[in-house]
>>> print(open('input-v5.cif').read())   # mmCIF, C-alpha atoms
data_target
loop_
_atom_site.group_PDB
_atom_site.id
_atom_site.type_symbol
_atom_site.label_atom_id
_atom_site.label_comp_id
_atom_site.auth_asym_id
_atom_site.auth_seq_id
_atom_site.Cartn_x
_atom_site.Cartn_y
_atom_site.Cartn_z
ATOM 1 C CA MET A 5 19.655 199.131 -25.014
ATOM 2 C CA ASP A 6 22.086 198.829 -27.904
ATOM 3 C CA ILE A 7 21.125 197.995 -31.480
ATOM 4 C CA VAL A 8 21.502 194.234 -30.968
ATOM 5 C CA ASP A 9 19.242 194.399 -27.903
ATOM 6 C CA TYR A 10 16.563 196.243 -29.884
ATOM 7 C CA LEU A 11 16.682 193.600 -32.618
ATOM 8 C CA ARG A 12 16.691 190.663 -30.196
ATOM 9 C CA ASP A 13 13.752 192.052 -28.237
ATOM 10 C CA ALA A 14 11.763 192.666 -31.431
ATOM 11 C CA ILE A 15 12.418 189.131 -32.712
ATOM 12 C CA ASP A 16 11.234 187.641 -29.412
ATOM 13 C CA TYR A 17 8.201 189.922 -29.544
ATOM 14 C CA THR A 18 7.046 188.487 -32.880
ATOM 15 C CA LYS A 19 6.720 185.068 -31.183
ATOM 16 C CA SER A 20 4.874 186.355 -28.119
ATOM 17 C CA ASP A 21 1.349 185.477 -29.315
ATOM 18 C CA ILE A 22 0.952 182.908 -32.085
ATOM 19 C CA LYS A 23 -2.796 183.460 -32.512
ATOM 20 C CA ASN A 24 -2.497 187.196 -33.195
ATOM 21 C CA PHE A 25 0.536 186.571 -35.390
ATOM 22 C CA VAL A 26 -1.425 184.089 -37.527
ATOM 23 C CA ILE A 27 -4.340 186.537 -37.839
ATOM 24 C CA GLY A 28 -1.922 189.194 -39.062
ATOM 25 C CA TRP A 29 -0.333 186.682 -41.437
ATOM 26 C CA ILE A 30 -3.725 185.835 -42.953
ATOM 27 C CA LEU A 31 -4.651 189.505 -43.399
ATOM 28 C CA LEU A 32 -1.319 190.410 -44.982
ATOM 29 C CA SER A 33 -1.446 187.358 -47.251
ATOM 30 C CA LEU A 34 -4.939 188.409 -48.307
ATOM 31 C CA THR A 35 -3.630 191.914 -48.992
ATOM 32 C CA TRP A 36 -0.841 190.635 -51.229
ATOM 33 C CA PHE A 37 -3.266 188.250 -52.973
ATOM 34 C CA LEU A 38 -5.751 191.027 -53.725
ATOM 35 C CA ILE A 39 -2.919 193.200 -55.059
ATOM 36 C CA SER A 40 -1.824 190.316 -57.306
ATOM 37 C CA ILE A 41 -5.267 189.708 -58.808
ATOM 38 C CA ALA A 42 -6.494 193.317 -58.847
ATOM 39 C CA LYS A 43 -5.293 193.908 -62.408
ATOM 40 C CA TYR A 44 -7.315 190.898 -63.602
ATOM 41 C CA THR A 45 -10.521 192.262 -62.063
ATOM 42 C CA ALA A 46 -12.053 195.611 -62.894
ATOM 43 C CA SER A 47 -14.098 195.440 -59.704
ATOM 44 C CA TRP A 48 -14.035 198.469 -57.403
ATOM 45 C CA GLU A 49 -15.095 196.171 -54.553
ATOM 46 C CA VAL A 50 -11.664 194.523 -54.617
ATOM 47 C CA TYR A 51 -9.926 197.884 -54.204
ATOM 48 C CA LEU A 52 -12.338 198.886 -51.427
ATOM 49 C CA ILE A 53 -11.704 195.659 -49.503
ATOM 50 C CA LEU A 54 -7.970 196.082 -50.070
ATOM 51 C CA MET A 55 -8.038 199.639 -48.706
ATOM 52 C CA ILE A 56 -10.039 198.657 -45.606
ATOM 53 C CA ILE A 57 -7.740 195.738 -44.783
ATOM 54 C CA PHE A 58 -4.682 197.931 -45.345
ATOM 55 C CA LEU A 59 -5.960 200.641 -42.989
ATOM 56 C CA ILE A 60 -6.802 198.078 -40.298
ATOM 57 C CA GLN A 61 -3.287 196.677 -40.579
ATOM 58 C CA CYS A 62 -1.768 200.156 -40.246
ATOM 59 C CA GLY A 63 -3.910 200.716 -37.167
ATOM 60 C CA TYR A 64 -2.678 197.444 -35.700
ATOM 61 C CA TYR A 65 0.952 198.483 -36.072
ATOM 62 C CA ILE A 66 0.135 201.714 -34.254
ATOM 63 C CA LYS A 67 -1.476 199.581 -31.555
ATOM 64 C CA ILE A 68 1.781 197.626 -31.279
ATOM 65 C CA MET A 69 3.555 200.901 -30.559
ATOM 66 C CA LYS A 70 0.922 202.005 -28.041
ATOM 67 C CA GLU A 71 1.075 198.681 -26.183
ATOM 68 C CA THR A 72 4.878 198.762 -26.216
ATOM 69 C CA LEU A 73 4.890 202.274 -24.759
ATOM 70 C CA ASN A 74 2.559 200.982 -22.033
ATOM 71 C CA GLY A 75 5.062 198.256 -21.153
ATOM 72 C CA SER A 76 3.429 195.265 -22.869
ATOM 73 C CA ASN A 77 5.668 192.498 -24.203
ATOM 74 C CA LYS A 78 2.911 190.615 -26.015
ATOM 75 C CA LEU A 79 1.381 191.128 -29.443
ATOM 76 C CA PRO A 80 -1.960 192.940 -29.035
ATOM 77 C CA ASP A 81 -5.314 191.500 -30.056
ATOM 78 C CA TRP A 82 -7.007 192.369 -33.334
ATOM 79 C CA ASN A 83 -10.156 193.563 -31.564
ATOM 80 C CA ASN A 84 -11.970 196.885 -32.086
ATOM 81 C CA CYS A 85 -11.371 196.971 -35.849
ATOM 82 C CA PRO A 86 -13.163 200.347 -36.294
ATOM 83 C CA LYS A 87 -10.591 201.923 -33.947
ATOM 84 C CA LEU A 88 -7.758 200.236 -35.838
ATOM 85 C CA LEU A 89 -9.177 201.528 -39.117
ATOM 86 C CA ILE A 90 -9.397 205.107 -37.814
ATOM 87 C CA ASP A 91 -5.860 204.980 -36.390
ATOM 88 C CA GLY A 92 -4.622 203.555 -39.685
ATOM 89 C CA LEU A 93 -6.330 206.311 -41.646
ATOM 90 C CA LEU A 94 -4.890 209.029 -39.389
ATOM 91 C CA TYR A 95 -1.442 207.466 -39.681
ATOM 92 C CA ASP A 96 -1.577 207.401 -43.484
ATOM 93 C CA ILE A 97 -2.801 211.002 -43.641
ATOM 94 C CA GLY A 98 -0.035 212.137 -41.293
ATOM 95 C CA ALA A 99 2.634 210.191 -43.183
ATOM 96 C CA LEU A 100 1.506 211.665 -46.514
ATOM 97 C CA MET A 101 1.608 215.164 -45.026
ATOM 98 C CA LEU A 102 5.148 214.543 -43.770
ATOM 99 C CA LEU A 103 6.163 213.267 -47.204
ATOM 100 C CA PHE A 104 4.727 216.387 -48.832
ATOM 101 C CA ILE A 105 6.624 218.632 -46.392
ATOM 102 C CA SER A 106 9.849 216.684 -47.006
ATOM 103 C CA LEU A 107 9.518 217.125 -50.772
ATOM 104 C CA ILE A 108 8.905 220.893 -50.733
ATOM 105 C CA PRO A 109 12.472 221.594 -52.021
ATOM 106 C CA ALA A 110 11.808 219.226 -54.941
ATOM 107 C CA PHE A 111 8.544 221.019 -55.707
ATOM 108 C CA VAL A 112 10.427 224.333 -55.689
ATOM 109 C CA GLY A 113 12.822 222.910 -58.284
ATOM 110 C CA VAL A 114 9.930 221.785 -60.478
ATOM 111 C CA VAL A 115 8.336 225.242 -60.253
ATOM 112 C CA LEU A 116 11.646 226.877 -61.226
ATOM 113 C CA TYR A 117 11.971 224.557 -64.210
ATOM 114 C CA ILE A 118 8.405 225.224 -65.404
ATOM 115 C CA ALA A 119 8.802 228.978 -64.917
ATOM 116 C CA GLY A 120 12.111 228.958 -66.801
ATOM 117 C CA LEU A 121 10.568 226.969 -69.649
ATOM 118 C CA HIS A 122 7.593 229.329 -69.800
ATOM 119 C CA PHE A 123 9.708 232.458 -70.107
ATOM 120 C CA LEU A 124 12.245 230.767 -72.408
ATOM 121 C CA VAL A 125 9.502 230.105 -74.955
ATOM 122 C CA LYS A 126 8.464 233.753 -74.792
ATOM 123 C CA THR A 127 11.858 235.492 -74.707
ATOM 124 C CA PHE A 128 14.429 232.930 -75.960
ATOM 125 C CA SER A 129 16.815 234.350 -73.341
ATOM 126 C CA SER A 130 19.646 232.040 -72.262
ATOM 127 C CA ILE A 131 19.196 233.126 -68.644
ATOM 128 C CA PHE A 132 16.031 231.045 -68.504
ATOM 129 C CA GLU A 133 17.926 227.981 -69.722
ATOM 130 C CA ILE A 134 20.184 228.412 -66.696
ATOM 131 C CA ILE A 135 17.127 228.745 -64.455
ATOM 132 C CA MET A 136 15.744 225.531 -65.955
ATOM 133 C CA ASP A 137 19.032 223.702 -65.271
ATOM 134 C CA ILE A 138 19.074 225.000 -61.700
ATOM 135 C CA GLY A 139 15.462 223.884 -61.292
ATOM 136 C CA VAL A 140 16.286 220.367 -62.500
ATOM 137 C CA TRP A 141 19.166 220.002 -60.032
ATOM 138 C CA ILE A 142 17.142 221.411 -57.151
ATOM 139 C CA ALA A 143 14.319 218.992 -58.005
ATOM 140 C CA ILE A 144 16.634 215.957 -58.169
ATOM 141 C CA LEU A 145 18.668 216.762 -55.066
ATOM 142 C CA GLY A 146 15.571 217.957 -53.218
ATOM 143 C CA PHE A 147 13.785 214.693 -53.993
ATOM 144 C CA ILE A 148 16.706 212.557 -52.787
ATOM 145 C CA PHE A 149 17.276 214.645 -49.660
ATOM 146 C CA GLY A 150 13.549 214.853 -48.926
ATOM 147 C CA CYS A 151 13.077 211.092 -49.166
ATOM 148 C CA LEU A 152 16.028 210.478 -46.832
ATOM 149 C CA VAL A 153 14.711 212.974 -44.286
ATOM 150 C CA PHE A 154 11.251 211.426 -44.516
ATOM 151 C CA LEU A 155 12.542 207.879 -43.981
ATOM 152 C CA ILE A 156 14.633 208.926 -40.969
ATOM 153 C CA TYR A 157 11.970 211.140 -39.394
ATOM 154 C CA LEU A 158 8.953 208.858 -39.940
ATOM 155 C CA PRO A 159 9.714 206.146 -37.317
ATOM 156 C CA ILE A 160 10.167 208.513 -34.371
ATOM 157 C CA SER A 161 7.211 210.649 -35.435
ATOM 158 C CA THR A 162 5.046 207.523 -35.707
ATOM 159 C CA ALA A 163 5.925 206.603 -32.127
ATOM 160 C CA ASN A 164 5.062 210.143 -31.045
ATOM 161 C CA PHE A 165 1.757 209.840 -32.913
ATOM 162 C CA ALA A 166 1.031 206.594 -31.060
ATOM 163 C CA ASN A 167 1.775 208.369 -27.779
ATOM 164 C CA LYS A 168 0.170 211.788 -28.297
ATOM 165 C CA GLY A 169 -2.224 211.558 -31.230
ATOM 166 C CA PHE A 170 -2.267 213.048 -34.720
ATOM 167 C CA PHE A 171 -0.401 216.282 -34.002
ATOM 168 C CA GLY A 172 2.437 214.251 -32.520
ATOM 169 C CA PHE A 173 3.653 213.862 -36.107
ATOM 170 C CA PHE A 174 4.523 217.540 -36.244
ATOM 171 C CA GLU A 175 6.429 218.161 -32.984
ATOM 172 C CA PHE A 176 9.519 218.736 -35.090
ATOM 173 C CA LYS A 177 11.704 220.426 -32.476
ATOM 174 C CA ASN A 178 11.152 217.757 -29.826
ATOM 175 C CA LEU A 179 11.548 214.867 -32.234
ATOM 176 C CA PHE A 180 14.725 216.162 -33.877
ATOM 177 C CA LYS A 181 16.238 216.318 -30.379
ATOM 178 C CA MET A 182 15.647 212.574 -30.082
ATOM 179 C CA MET A 183 17.304 211.788 -33.421
ATOM 180 C CA ASN A 184 20.894 211.254 -32.309
ATOM 181 C CA LEU A 185 23.590 209.211 -34.062
ATOM 182 C CA LYS A 186 22.398 205.999 -32.404
ATOM 183 C CA TYR A 187 18.903 206.553 -33.769
ATOM 184 C CA ILE A 188 20.157 207.230 -37.300
ATOM 185 C CA VAL A 189 22.332 204.092 -37.239
ATOM 186 C CA LEU A 190 19.388 202.091 -35.887
ATOM 187 C CA ALA A 191 17.150 203.396 -38.680
ATOM 188 C CA ILE A 192 19.756 202.552 -41.325
ATOM 189 C CA VAL A 193 20.168 199.024 -39.929
ATOM 190 C CA VAL A 194 16.408 198.453 -39.936
ATOM 191 C CA TYR A 195 15.969 199.753 -43.498
ATOM 192 C CA VAL A 196 18.940 197.769 -44.826
ATOM 193 C CA LEU A 197 17.721 194.615 -43.066
ATOM 194 C CA THR A 198 14.226 195.138 -44.461
ATOM 195 C CA SER A 199 15.501 195.642 -48.016
ATOM 196 C CA LEU A 200 17.758 192.593 -47.765
ATOM 197 C CA VAL A 201 14.974 190.334 -46.500
ATOM 198 C CA TYR A 202 12.569 191.526 -49.210
ATOM 199 C CA PHE A 203 15.230 190.928 -51.876
ATOM 200 C CA ILE A 204 15.967 187.397 -50.637
ATOM 201 C CA VAL A 205 12.272 186.518 -50.324
ATOM 202 C CA TYR A 206 11.620 187.888 -53.816
ATOM 203 C CA LEU A 207 14.418 185.763 -55.279
ATOM 204 C CA ILE A 208 13.149 182.668 -53.467
ATOM 205 C CA ILE A 209 9.626 183.190 -54.796
ATOM 206 C CA VAL A 210 10.661 183.985 -58.375
ATOM 207 C CA PHE A 211 13.195 181.189 -58.798
ATOM 208 C CA GLY A 212 11.141 178.717 -56.774
ATOM 209 C CA ILE A 213 8.047 179.242 -58.919
ATOM 210 C CA MET A 214 10.082 179.238 -62.149
ATOM 211 C CA ILE A 215 11.742 175.928 -61.270
ATOM 212 C CA ALA A 216 8.439 174.366 -60.172
ATOM 213 C CA LEU A 217 6.646 175.439 -63.359
ATOM 214 C CA TYR A 218 9.538 174.229 -65.510
ATOM 215 C CA LEU A 219 9.399 170.813 -63.853
ATOM 216 C CA ILE A 220 5.616 170.655 -64.353
ATOM 217 C CA TYR A 221 5.410 171.843 -67.982
ATOM 218 C CA GLY A 222 8.838 170.822 -69.275
ATOM 219 C CA SER A 223 9.810 174.179 -70.806
ATOM 220 C CA PHE A 224 9.526 177.902 -70.168
ATOM 221 C CA GLU A 225 7.798 178.241 -73.547
ATOM 222 C CA MET A 226 4.880 176.153 -72.257
ATOM 223 C CA VAL A 227 4.812 178.220 -69.070
ATOM 224 C CA TYR A 228 4.547 181.401 -71.151
ATOM 225 C CA ILE A 229 1.744 179.900 -73.249
ATOM 226 C CA LYS A 230 -0.208 178.885 -70.145
ATOM 227 C CA ILE A 231 0.123 182.263 -68.443
ATOM 228 C CA GLY A 232 0.632 184.809 -71.217
ATOM 229 C CA VAL A 233 -1.396 183.331 -74.078
ATOM 230 C CA GLU A 234 -4.047 181.002 -72.658
ATOM 231 C CA LYS A 235 -4.505 183.098 -69.511
ATOM 232 C CA ASP A 236 -4.824 180.073 -67.223
ATOM 233 C CA TYR A 237 -6.417 181.908 -64.303
ATOM 234 C CA LEU A 238 -6.287 178.843 -62.065
ATOM 235 C CA LEU A 239 -2.518 178.703 -62.483
ATOM 236 C CA ILE A 240 -2.209 182.483 -62.097
ATOM 237 C CA GLY A 241 -4.303 182.338 -58.938
ATOM 238 C CA LEU A 242 -2.199 179.501 -57.521
ATOM 239 C CA ILE A 243 1.021 181.435 -58.152
ATOM 240 C CA ALA A 244 -0.511 184.548 -56.585
ATOM 241 C CA PHE A 245 -1.641 182.535 -53.543
ATOM 242 C CA ILE A 246 1.758 180.942 -52.907
ATOM 243 C CA SER A 247 3.566 184.257 -53.377
ATOM 244 C CA SER A 248 1.097 186.040 -51.099
ATOM 245 C CA VAL A 249 1.513 183.543 -48.263
ATOM 246 C CA ILE A 250 5.310 183.860 -48.348
ATOM 247 C CA PHE A 251 5.279 187.643 -48.722
ATOM 248 C CA GLY A 252 2.613 187.842 -46.018
ATOM 249 C CA VAL A 253 4.667 186.195 -43.287
ATOM 250 C CA SER A 254 7.898 188.010 -44.193
ATOM 251 C CA THR A 255 6.160 191.402 -44.399
ATOM 252 C CA LEU A 256 4.382 190.886 -41.071
ATOM 253 C CA ILE A 257 7.621 190.005 -39.298
ATOM 254 C CA LEU A 258 9.365 193.072 -40.717
ATOM 255 C CA TYR A 259 6.479 195.404 -39.826
ATOM 256 C CA ILE A 260 6.358 194.077 -36.267
ATOM 257 C CA LEU A 261 10.131 194.453 -35.908
ATOM 258 C CA TYR A 262 9.996 198.013 -37.258
ATOM 259 C CA HIS A 263 7.269 199.260 -34.938
ATOM 260 C CA ARG A 264 8.521 197.411 -31.859
ATOM 261 C CA ILE A 265 12.093 198.660 -32.295
ATOM 262 C CA PHE A 266 11.219 202.319 -32.720
ATOM 263 C CA ALA A 267 8.571 202.245 -30.000
ATOM 264 C CA ASN A 268 11.206 200.921 -27.610
ATOM 265 C CA TYR A 269 13.697 203.547 -28.735
ATOM 266 C CA TYR A 270 11.110 206.286 -28.211
ATOM 267 C CA LYS A 271 10.205 204.936 -24.775
ATOM 268 C CA ASN A 272 13.850 204.757 -23.724
ATOM 269 C CA THR A 273 14.661 208.229 -25.065
ATOM 270 C CA ILE A 274 11.627 210.392 -24.280
ATOM 271 C CA GLY A 275 12.687 210.929 -20.676
ATOM 272 C CA LYS A 276 16.260 211.839 -21.607
ATOM 273 C CA VAL A 277 15.573 214.932 -23.723
ATOM 274 C CA ARG A 278 14.259 218.308 -22.697
ATOM 275 C CA VAL A 279 10.802 218.593 -24.192
ATOM 276 C CA TRP A 280 10.021 221.974 -25.730
ATOM 277 C CA LYS A 281 6.686 223.457 -24.658
#
>>> encode(input="input-v5.cif", output="structure tokens")
Amino acid sequence: MDIVDYLRDAIDYTKSDIKNFVIGWILLSLTWFLISIAKYTASWEVYLILMIIFLIQCGYYIKIMKETLNGSNKLPDWNNCPKLLIDGLLYDIGALMLLFISLIPAFVGVVLYIAGLHFLVKTFSSIFEIIMDIGVWIAILGFIFGCLVFLIYLPISTANFANKGFFGFFEFKNLFKMMNLKYIVLAIVVYVLTSLVYFIVYLIIVFGIMIALYLIYGSFEMVYIKIGVEKDYLLIGLIAFISSVIFGVSTLILYILYHRIFANYYKNTIGKVRVWK
């Protein structure tokens, strides 16, 4: 499969089961809505519900990968939510561990900077100013490089996790063998496409709501008074609801595309590399 084939297959896959797609749309819309209103509520219950829904969603995306690796061309059901929640939790833990590993060079730079500052205060030696400068550059470059490595490595390691379980995240030697030029280009295309879609959707929501509110209230000053001064929670809730529904469907499509594409790549590549024992 070439890159276009991966994209075409993933797009068709999103339409394979309308019922499960709508369920995912509702859950993601609810997630965005809770995020939007969370700052207006000091309730820990909202954050707990948000976390549970988020973990179930993560588990569902892992299920998409598992079903794809098993040859399914249909969106899986949302059944067995406890299993989805556990898979989602394991995925998030593994991803955070990978992020931490990727950022070790940046942490080294921060430690150098702090150590240089500590000894500079005590000795006033210029050598420690140089160490601080080196630490800053290592931290900056290490952060950029670490984030890039994390973003490139995460998709293939997620597919390996779906196939082999938690420790599949850390089969570095095997997974780096699978990361050829085609994979890197595919990852770049997916990330660029995702960023572009989010940007367009964001602009549509922002300008659409601004124009609608202007037409309703006659001026942006009145809009500011309603939202910023009078705290019209009904209006705020309506804006949050509309934004959440639009973000929900766009986010779901992108998440399905992401996990379907890289699951297919993993499935097509796993038999073509020599697996290290």
>>> axis_aligned_box(input="input-v5.cif", around="segment 142-150 of chain A", padding_each_side="4 Å", output="AutoDock Vina command-line options")
--center_x 16.1 --center_y 217.0 --center_z -53.5 --size_x 13.1 --size_y 16.9 --size_z 17.2
>>> resolve_selection(input="input-v5.cif", expression="the PyMOL selection byres ((chain A and resi 201) around 12)", output="ChimeraX atom specification")
/A:194-200,202-208,250-251,253-259
>>> residues_around(input="input-v5.cif", residues="Ile192 of chain A", least_positions_apart="4", cutoff="12 Å", atoms="only C-alpha atoms", output="PyMOL selection string")
chain A and resi 7+152-153+155-157+159+185-188+196-199+262
>>> residues_near_point(input="input-v5.cif", point="(16.3, 229.3, -59.0)", cutoff="8 Å", atoms="only C-alpha atoms", output="list in words")
Gly113, Leu116, Ile135, Met136, Ile138 and Gly139 of chain A
>>> write_last_selection(input="input-v5.cif", atoms="C-alpha atoms", output="PDB file, in the frame of the given file")
ATOM      1  CA  GLY A 113      12.822 222.910 -58.284  1.00  0.00           C
ATOM      2  CA  LEU A 116      11.646 226.877 -61.226  1.00  0.00           C
ATOM      3  CA  ILE A 135      17.127 228.745 -64.455  1.00  0.00           C
ATOM      4  CA  MET A 136      15.744 225.531 -65.955  1.00  0.00           C
ATOM      5  CA  ILE A 138      19.074 225.000 -61.700  1.00  0.00           C
ATOM      6  CA  GLY A 139      15.462 223.884 -61.292  1.00  0.00           C
TER       7      GLY A 139
END
>>> atom_distance(input="input-v5.cif", atom1="atom CA of Ile57 of chain A", atom2="atom CA of Leu38 of chain A")
10.3 Å
>>> resolve_selection(input="input-v5.cif", expression="the PyMOL selection byres ((chain A and resi 167-174) around 10)", output="ChimeraX atom specification")
/A:66,69-71,73-74,91,94-95,97-99,101-102,157-166,175-179,267,270-271
>>> atom_distance(input="input-v5.cif", atom1="atom CA of Lys23 of chain A", atom2="atom CA of Pro80 of chain A")
10.1 Å
>>> atom_distance(input="input-v5.cif", atom1="atom CA of Tyr17 of chain A", atom2="atom CA of Leu79 of chain A")
6.9 Å
>>> closest_residue(input="input-v5.cif", among="A:Asn24, A:Tyr65, A:Pro109, A:Thr72", to="Asn268 of chain A", atoms="only C-alpha atoms")
A:Thr72
>>> closest_residue(input="input-v5.cif", among="A:Leu88, A:Ser33, A:Asp21, A:Leu93", to="Met55 of chain A", atoms="only C-alpha atoms")
A:Leu93
>>> closest_atom_pairs(input="input-v5.cif", of="segment 171-230 of chain A", to="segment 240-246 of chain A", cutoff="10 Å", atoms="only C-alpha atoms", output="tab-separated table")
residue	atom	partner	partner_atom	distance
A:Ile209	CA	A:Ile246	CA	8.4
A:Val210	CA	A:Ile243	CA	10.0
A:Ile213	CA	A:Ile243	CA	7.4
A:Leu217	CA	A:Ile243	CA	9.7
A:Lys230	CA	A:Ile240	CA	9.0
>>> build_atoms(input="input-v5.cif", residues="segment 126-140 of chain A", atoms="N, CA and C atoms", output="compact mmCIF listing (two decimals), in the coordinates of the input")
# COMPACT_ATOMS: atom_id res chain seq x y z
N LYS A 126 8.91 232.40 -74.45
CA LYS A 126 8.46 233.75 -74.79
C LYS A 126 9.61 234.68 -75.18
N THR A 127 10.77 234.52 -74.52
CA THR A 127 11.86 235.49 -74.71
C THR A 127 13.08 234.92 -75.41
N PHE A 128 13.24 233.59 -75.40
CA PHE A 128 14.43 232.93 -75.96
C PHE A 128 15.72 233.43 -75.31
N SER A 129 15.63 233.87 -74.06
CA SER A 129 16.82 234.35 -73.34
C SER A 129 17.53 233.16 -72.69
N SER A 130 18.87 233.16 -72.81
CA SER A 130 19.65 232.04 -72.26
C SER A 130 19.59 231.99 -70.74
N ILE A 131 19.27 233.10 -70.10
CA ILE A 131 19.20 233.13 -68.64
C ILE A 131 18.15 232.15 -68.14
N PHE A 132 17.10 231.96 -68.93
CA PHE A 132 16.03 231.04 -68.50
C PHE A 132 16.43 229.58 -68.70
N GLU A 133 17.38 229.33 -69.62
CA GLU A 133 17.93 227.98 -69.72
C GLU A 133 18.70 227.63 -68.46
N ILE A 134 19.44 228.62 -67.94
CA ILE A 134 20.18 228.41 -66.70
C ILE A 134 19.22 228.16 -65.55
N ILE A 135 18.14 228.93 -65.51
CA ILE A 135 17.13 228.74 -64.46
C ILE A 135 16.51 227.35 -64.55
N MET A 136 16.29 226.88 -65.78
CA MET A 136 15.74 225.53 -65.96
C MET A 136 16.72 224.48 -65.44
N ASP A 137 18.02 224.65 -65.75
CA ASP A 137 19.03 223.70 -65.27
C ASP A 137 19.10 223.70 -63.75
N ILE A 138 19.06 224.90 -63.16
CA ILE A 138 19.07 225.00 -61.70
C ILE A 138 17.84 224.30 -61.12
N GLY A 139 16.69 224.52 -61.75
CA GLY A 139 15.46 223.88 -61.29
C GLY A 139 15.54 222.37 -61.32
N VAL A 140 16.14 221.82 -62.38
CA VAL A 140 16.29 220.37 -62.50
C VAL A 140 17.13 219.82 -61.36
